[in-house]
Each structure stands twice: as structure tokens, then as C-alpha cells.
Amino acid sequence: MSAHSLPQDYLHVTFDEPGTPDVLYLTRSQLPKVEEEQVLIRVHAAGVNGPDLAQRKGVYPAPAGASPILGLEVAGEVVALGSKVTRWQLGERVCALVPGGGYGEYVVTHADHCLPIANGWRDSDAAAVVETFFTVWGNLFMRAELKMGETVLIHGGSGGVGSAAVVLAKAFGAKVITTSGSDEKCEHCVSLGAELALNYRSDFVTPVMEHTQGRGVDVVFDMAGGDFINQNLKALAMDGRMVSVAMQRGATAEVDIFRIMAKRIRWTGSTLRPQSVVAKAEITTQLLEKVWPLLACELESSTQLKPHIFAEFPLYECAKAHTLMEAGEHRGKLVLKVQ
């Protein structure tokens with residue numbers, strides 16, 4: 001599709017006031033303008049993520065200049081190019097990190113935040129890995145510097161981000177321990193490659209220390225926050241690293257500072273959406289160089305990197321997808337299909 005054949009407006013999800021999933025509805029708006037370093041993507045599929053739910057509730061507003069429309073990851077076809085874009089061609093299939101606007105028929109994003117869709121992958125598969133792979137790579141590998149042979153404790157290993165963390169850590173030679181909220185979800189984590197999966201509703205520190213023969217883990221990938229922080233510090237080895245990517249158990253914690261000092265622990269974290277264009281482009285580059293070759297690999301062992309999609313919904317049923325995610329009963333990713 002060339003730029004001159006594009007429609008004047010397009011269908012997308014919106015809401016007037018923050019609230020429960022039923023505030024979401026479809027409307028039409030003028031097609032977004034493509035800046036000189038951006039591409040316009042006709043969306044075929046969009047991933048559903050925790051930040052989408054938080055934005056709908058009114059607790060995670062879009063950054064200045066970003067689209068207020070929900071949706072941070074998409075897959076589809078490039079249908080218009082900014083004047084300075086040379087990397088992509090019209091008609092190419094891409095998946096992309098977007099600053100907002102994914103829940104719609106079209107979305108604009110920076111050209112350097114797009115990646116090719118791996119051979120054999122559906123649009124739904126590709127849309128389901130972007131935000132999670134960016135989050136995991138940027139935090140677990142770039143910030144926490146997880147290395148081959150190290151042991152990592154991943155909380156919430158059955159969810160979208162957690163499952164991506166499990167399979168990527170395993171793919172790059174780490175030993176994985178994970179926690180989840182039910183025995184069934186723990187079994188799912190083991191199927192993804194975790195050596196040990198623990199129900200976080202009971203003590204996880206003791207079995208982690210037993211499994212590591214009293215040493216502790218090198219890295220904690222934490223999506224819990226709250227009361228888990230001190231437990232994580234106990235489970236970490238000397239010179240361990242902890243990276244925070246979410247706060248599902250609370251945004252504040254009473255921290256044992258001496259334990260951080262005594263173990264020489266490094267604690268970092270980040271949010272993805274507010275990061276600069278340059279920072280996101282650097283993550284894109286590393287994913288393209290180090291992870292994307294594994295996605296195209298035909299070896300049977302590489303199939304674990306393909307996401308487990310728990311459910312797909314048409315765009316007009318986005319409220320059902322949000323309701324399901326809030327219930328916390330899913331294992332893997334939820335995807336919206338855009339017709």
C-alpha cells in the first residue's frame with residue numbers, strides 16, 4: 001500500500017474516563033502524521049500488557065508527546081515512510097515497539113524501533129514478544145548483566161514478561177529458578193526451561209538457598225516489589241544484582257540496607273516507555289544482533305523462544321482481554337487481532 005492510497009481516518013480503541021475494562025470502546029480518528037524518522041504500520045496484531053491496564057485505570061499516563069491510545073507493541077506491514085527512513089521499504093512485515101497507539105488499525109513509531117518478523121512466525125507471535133523482549137533484554141541482560149552459567153531468580157515466570165525472561169535466560173546459558181502463583185503455573189515454568197519453579201504463596205527463600213547449596217542466586221528479576229524485596233535480598237549471593245521491572249506487590253518496601261551493604265548487592269531497574277528514542281534504539285540493535293538470529297533458527301530447541309499465546313481477541317473485544325489479564329489466570333500472552 002502506498003501513502004496516496006491510505007485512508008483519511010482509522011479505527012482504534014479509546015476511553016473517556018479511567019475505570020474498569022468496560023470503559024473501553026472503538027472510535028475513529030484522523031490518521032496519525034508520519035514524521036521524518038518514523039514509519040506508519042498497518043497493524044495486524046497488538047500485544048496486551050500490564051502498562052495498558054494501568055493506563056486505562058488512570059495510574060500510568062502516556063508520556064508527553066506520545067499517543068494517548070493504548071498499546072505498546074504491534075506487528076504488521078509498513079505502509080508509509082518518513083523522509084529520512086532508509087532501513088525499511090513499503091510492504092515489509094515488521095514488529096515494533098510503539099510509544100502508544102497499538103490498539104488500532106494504524107500506528108506510527110520510530111523506524112529504529114522496528115524489527116523484522118522472523119520466518120515462520122505469525123503476526124500474533126511477533127506482536128507478543130516485542131514489549132516483553134525489550135523489557136527483559138534491557139533489564140536482565142543490559143542492566144543486571146546476566147551471564148552464561150549464572151543463576152537467576154525470576155518472579156512471575158508464567159506471565160508474559162516472566163515467561164520471556166525464562167526462555168531468554170535459558171537460551172543464553174543461565175540457570176533459571178522461578179516463582180509463580182499456583183502449582184499449575186509452576187509446571188508451565190518448568191516446561192519453559194526453569195530448573196526449579198516455586199509457588200510464591202509459601203516461602204521461596206529456603207528452597208532457593210537449598211537449590212544453590214547455600215550460595216544464593218546471582219540475579220533476581222523482580223516484578224513483585226513490596227514485601228518481596230527483603231526476601232530477594234536474602235536469596236541473593238554475594239555481589240548479586242537485583243533488577244526491578246514492576247511493583248505488583250506494592251511500590252514501597254522497608255529495605256534491610258545492611259544486607260545490601262554486607263552482600264555488596266547492586267539494585268537497579270527501569271520503565272521502558274519513557275526511555276529516549278536513542279535508548280530504545282540501542283535495545284533494538286542488541287535484540288537484532290543477539291536474539292533475532294535465534295528466532296530464525298530451525299533447531300527444535302529454538303522453538304521455546306516463540307511466545308505461548310494464551311488467548312487472542314478481536315480488537316472490539318479488548319475489554320475481555322483486559323478482564324482476563326486482571327483475573328491473573330492466564331499463562332502467557334494475550335493478543336488483539338486487528339482485521
# chains A, B, ... in the order shown; residues from 1 in each chain; ligands from 1
>>> residues_around(residues="range 271-274 of chain A", least_positions_apart="6", cutoff="7 Å", atoms="only C-alpha atoms", output="list in words")
Pro63, Pro99, Thr135 and Val245 of chain A
>>> write_last_selection(atoms="N, CA and C atoms", output="mmCIF file, in the first residue's frame")
data_model
loop_
_atom_site.group_PDB
_atom_site.id
_atom_site.type_symbol
_atom_site.label_atom_id
_atom_site.label_comp_id
_atom_site.auth_asym_id
_atom_site.auth_seq_id
_atom_site.Cartn_x
_atom_site.Cartn_y
_atom_site.Cartn_z
ATOM 1 N N PRO A 63 3.483 9.306 28.244
ATOM 2 C CA PRO A 63 4.485 10.377 28.327
ATOM 3 C C PRO A 63 4.126 11.524 27.385
ATOM 4 N N PRO A 99 5.252 3.965 21.116
ATOM 5 C CA PRO A 99 5.095 4.769 22.330
ATOM 6 C C PRO A 99 3.647 4.876 22.794
ATOM 7 N N THR A 135 11.760 -5.340 27.394
ATOM 8 C CA THR A 135 11.833 -5.224 28.850
ATOM 9 C C THR A 135 12.868 -6.178 29.435
ATOM 10 N N VAL A 245 11.330 -4.432 37.690
ATOM 11 C CA VAL A 245 10.633 -4.047 36.461
ATOM 12 C C VAL A 245 9.140 -3.836 36.675
#
>>> residues_around(residues="Leu6 in chain A", least_positions_apart="6", cutoff="12 Å", atoms="only C-alpha atoms", output="list in words")
Gln30, Leu31, Pro32, Lys33, Leu40, Ile41, Arg42, Val78, Val79, Ala80, Glu105 and Tyr106 of chain A
>>> closest_residue(among="A:Gln275, A:Ile283, A:Leu305, A:Thr178", to="Glu195 in chain A", atoms="only C-alpha atoms")
A:Thr178
>>> residues_around(residues="range 51-61 of chain A", least_positions_apart="5", cutoff="6 Å", atoms="only C-alpha atoms", output="PyMOL selection string")
chain A and resi 18-19+70
>>> closest_residue(among="A:Tyr25, A:Phe228, A:Trp88, A:Trp267", to="Gly250 in chain A", atoms="only C-alpha atoms")
A:Phe228
>>> closest_residue(among="A:Gly216, A:Gly160, A:Pro21, A:Gly269", to="Met242 in chain A", atoms="only C-alpha atoms")
A:Gly269
>>> residues_around(residues="Val13 in chain A", least_positions_apart="4", cutoff="8 Å", atoms="only C-alpha atoms", output="list in words")
Leu24, Tyr25, Leu26, Thr27, Ile69, Leu70, Tyr103, Gly104, Leu315 and Tyr316 of chain A
>>> write_last_selection(atoms="N, CA and C atoms", output="PDB file, in the first residue's frame")
ATOM      1  N   LEU A  24     -13.694   0.888  27.819  1.00  0.00           N
ATOM      2  CA  LEU A  24     -13.061   0.859  26.505  1.00  0.00           C
ATOM      3  C   LEU A  24     -14.104   0.734  25.398  1.00  0.00           C
ATOM      4  N   TYR A  25     -13.897   1.472  24.330  1.00  0.00           N
ATOM      5  CA  TYR A  25     -14.789   1.346  23.168  1.00  0.00           C
ATOM      6  C   TYR A  25     -14.024   1.764  21.918  1.00  0.00           C
ATOM      7  N   LEU A  26     -14.596   1.486  20.744  1.00  0.00           N
ATOM      8  CA  LEU A  26     -13.973   1.813  19.473  1.00  0.00           C
ATOM      9  C   LEU A  26     -14.466   3.149  18.951  1.00  0.00           C
ATOM     10  N   THR A  27     -13.568   3.892  18.331  1.00  0.00           N
ATOM     11  CA  THR A  27     -13.919   5.157  17.690  1.00  0.00           C
ATOM     12  C   THR A  27     -13.013   5.341  16.485  1.00  0.00           C
ATOM     13  N   ILE A  69      -3.554   6.676  23.021  1.00  0.00           N
ATOM     14  CA  ILE A  69      -4.214   5.409  22.726  1.00  0.00           C
ATOM     15  C   ILE A  69      -3.391   4.269  23.327  1.00  0.00           C
ATOM     16  N   LEU A  70      -4.065   3.271  23.882  1.00  0.00           N
ATOM     17  CA  LEU A  70      -3.382   2.130  24.484  1.00  0.00           C
ATOM     18  C   LEU A  70      -2.618   1.326  23.435  1.00  0.00           C
ATOM     19  N   TYR A 103      -3.433  -0.190  19.871  1.00  0.00           N
ATOM     20  CA  TYR A 103      -4.783  -0.744  19.781  1.00  0.00           C
ATOM     21  C   TYR A 103      -5.566  -0.038  18.671  1.00  0.00           C
ATOM     22  N   GLY A 104      -5.135  -0.187  17.442  1.00  0.00           N
ATOM     23  CA  GLY A 104      -5.808   0.463  16.333  1.00  0.00           C
ATOM     24  C   GLY A 104      -5.368  -0.115  15.009  1.00  0.00           C
ATOM     25  N   LEU A 315     -10.151  -6.885  18.005  1.00  0.00           N
ATOM     26  CA  LEU A 315      -9.936  -5.576  18.610  1.00  0.00           C
ATOM     27  C   LEU A 315     -11.144  -5.104  19.403  1.00  0.00           C
ATOM     28  N   TYR A 316     -12.350  -5.370  18.883  1.00  0.00           N
ATOM     29  CA  TYR A 316     -13.552  -4.877  19.562  1.00  0.00           C
ATOM     30  C   TYR A 316     -13.821  -5.589  20.879  1.00  0.00           C
TER      31      TYR A 316
END
>>> residues_around(residues="Met325 in chain A", least_positions_apart="3", cutoff="9 Å", atoms="only C-alpha atoms", output="number ranges by chain")
A: 48-50, 53, 320-322, 328-330, 334
>>> write_last_selection(atoms="N, CA and C atoms", output="short mmCIF file (atom, residue, chain, number, x, y, z; two decimals), in the first residue's frame")
data_model
loop_
_atom_site.label_atom_id
_atom_site.label_comp_id
_atom_site.auth_asym_id
_atom_site.auth_seq_id
_atom_site.Cartn_x
_atom_site.Cartn_y
_atom_site.Cartn_z
N VAL A 48 -1.15 -7.26 24.48
CA VAL A 48 -1.79 -6.65 25.65
C VAL A 48 -0.82 -6.78 26.81
N ASN A 49 -0.57 -5.67 27.52
CA ASN A 49 0.44 -5.66 28.57
C ASN A 49 -0.06 -4.94 29.81
N GLY A 50 0.62 -5.19 30.93
CA GLY A 50 0.27 -4.56 32.19
C GLY A 50 0.18 -3.05 32.13
N LEU A 53 -3.20 -1.80 31.08
CA LEU A 53 -4.22 -1.84 32.13
C LEU A 53 -4.04 -0.68 33.09
N LYS A 320 -12.57 -7.64 27.06
CA LYS A 320 -12.49 -9.03 27.53
C LYS A 320 -11.02 -9.41 27.80
N ALA A 321 -10.13 -8.95 26.95
CA ALA A 321 -8.71 -9.24 27.15
C ALA A 321 -8.20 -8.60 28.44
N HIS A 322 -8.61 -7.36 28.71
CA HIS A 322 -8.20 -6.69 29.94
C HIS A 322 -8.78 -7.40 31.17
N GLY A 328 -5.72 -12.66 36.31
CA GLY A 328 -4.46 -13.32 36.62
C GLY A 328 -4.43 -14.81 36.40
N GLU A 329 -5.39 -15.32 35.62
CA GLU A 329 -5.46 -16.76 35.41
C GLU A 329 -4.77 -17.20 34.12
N HIS A 330 -4.24 -16.25 33.35
CA HIS A 330 -3.64 -16.60 32.07
C HIS A 330 -2.21 -17.09 32.27
N LEU A 334 -1.55 -12.36 25.90
CA LEU A 334 -2.85 -12.06 25.32
C LEU A 334 -2.62 -11.11 24.14
#
>>> atom_distance(atom1="CA of Ala235 in chain A", atom2="CA of Ala164 in chain A")
21.7 Å
>>> closest_residue(among="A:Lys147, A:Leu196, A:Arg87, A:Val338", to="Val74 in chain A", atoms="only C-alpha atoms")
A:Val338
>>> closest_residue(among="A:Pro314, A:Pro207, A:Gly162, A:Gly138", to="Ala46 in chain A", atoms="only C-alpha atoms")
A:Pro314
>>> select_by_dssp(residues="range 95-265 of chain A", states="alpha helix (DSSP H)", output="VMD selection string")
chain A and resid 123 to 127 130 to 136 160 to 171 183 to 192 205 to 211 228 to 235 257 to 263
>>> decode(residues="range 155-171 of chain A", atoms="N, CA, C and O atoms", output="mmCIF file, in the first residue's frame")
data_model
loop_
_atom_site.group_PDB
_atom_site.id
_atom_site.type_symbol
_atom_site.label_atom_id
_atom_site.label_comp_id
_atom_site.auth_asym_id
_atom_site.auth_seq_id
_atom_site.Cartn_x
_atom_site.Cartn_y
_atom_site.Cartn_z
ATOM 1 N N HIS A 155 10.692 -13.820 39.193
ATOM 2 C CA HIS A 155 9.361 -13.854 39.786
ATOM 3 C C HIS A 155 8.296 -13.733 38.694
ATOM 4 O O HIS A 155 8.485 -13.065 37.680
ATOM 5 N N GLY A 156 7.164 -14.388 38.912
ATOM 6 C CA GLY A 156 6.071 -14.325 37.944
ATOM 7 C C GLY A 156 6.437 -14.953 36.615
ATOM 8 O O GLY A 156 6.126 -14.419 35.547
ATOM 9 N N GLY A 157 7.058 -16.108 36.663
ATOM 10 C CA GLY A 157 7.598 -16.725 35.455
ATOM 11 C C GLY A 157 6.581 -17.231 34.463
ATOM 12 O O GLY A 157 6.949 -17.573 33.336
ATOM 13 N N SER A 158 5.304 -17.276 34.834
ATOM 14 C CA SER A 158 4.302 -17.787 33.895
ATOM 15 C C SER A 158 3.624 -16.686 33.093
ATOM 16 O O SER A 158 2.893 -16.965 32.144
ATOM 17 N N GLY A 159 3.832 -15.430 33.470
ATOM 18 C CA GLY A 159 3.211 -14.317 32.756
ATOM 19 C C GLY A 159 3.965 -13.967 31.490
ATOM 20 O O GLY A 159 4.958 -14.613 31.120
ATOM 21 N N GLY A 160 3.526 -12.918 30.803
ATOM 22 C CA GLY A 160 4.145 -12.539 29.543
ATOM 23 C C GLY A 160 5.597 -12.152 29.684
ATOM 24 O O GLY A 160 6.481 -12.702 29.012
ATOM 25 N N VAL A 161 5.910 -11.204 30.573
ATOM 26 C CA VAL A 161 7.292 -10.779 30.774
ATOM 27 C C VAL A 161 8.097 -11.889 31.427
ATOM 28 O O VAL A 161 9.230 -12.180 31.034
ATOM 29 N N GLY A 162 7.517 -12.532 32.438
ATOM 30 C CA GLY A 162 8.229 -13.587 33.148
ATOM 31 C C GLY A 162 8.606 -14.752 32.263
ATOM 32 O O GLY A 162 9.732 -15.262 32.326
ATOM 33 N N SER A 163 7.689 -15.200 31.415
ATOM 34 C CA SER A 163 7.985 -16.327 30.537
ATOM 35 C C SER A 163 9.049 -15.960 29.520
ATOM 36 O O SER A 163 9.911 -16.778 29.178
ATOM 37 N N ALA A 164 9.020 -14.704 29.037
ATOM 38 C CA ALA A 164 10.083 -14.255 28.134
ATOM 39 C C ALA A 164 11.426 -14.247 28.847
ATOM 40 O O ALA A 164 12.456 -14.606 28.259
ATOM 41 N N ALA A 165 11.428 -13.831 30.114
ATOM 42 C CA ALA A 165 12.672 -13.836 30.884
ATOM 43 C C ALA A 165 13.203 -15.255 31.056
ATOM 44 O O ALA A 165 14.411 -15.490 30.950
ATOM 45 N N VAL A 166 12.313 -16.193 31.312
ATOM 46 C CA VAL A 166 12.735 -17.589 31.490
ATOM 47 C C VAL A 166 13.395 -18.121 30.222
ATOM 48 O O VAL A 166 14.506 -18.660 30.256
ATOM 49 N N VAL A 167 12.717 -17.961 29.080
ATOM 50 C CA VAL A 167 13.245 -18.574 27.857
ATOM 51 C C VAL A 167 14.507 -17.864 27.361
ATOM 52 O O VAL A 167 15.424 -18.510 26.840
ATOM 53 N N LEU A 168 14.585 -16.546 27.532
ATOM 54 C CA LEU A 168 15.797 -15.847 27.100
ATOM 55 C C LEU A 168 16.973 -16.169 28.008
ATOM 56 O O LEU A 168 18.095 -16.375 27.536
ATOM 57 N N ALA A 169 16.734 -16.205 29.320
ATOM 58 C CA ALA A 169 17.819 -16.569 30.238
ATOM 59 C C ALA A 169 18.340 -17.968 29.926
ATOM 60 O O ALA A 169 19.557 -18.201 29.886
ATOM 61 N N LYS A 170 17.422 -18.882 29.680
ATOM 62 C CA LYS A 170 17.810 -20.261 29.356
ATOM 63 C C LYS A 170 18.565 -20.309 28.028
ATOM 64 O O LYS A 170 19.573 -21.006 27.892
ATOM 65 N N ALA A 171 18.089 -19.560 27.038
ATOM 66 C CA ALA A 171 18.717 -19.568 25.715
ATOM 67 C C ALA A 171 20.152 -19.067 25.761
ATOM 68 O O ALA A 171 20.986 -19.481 24.949
#
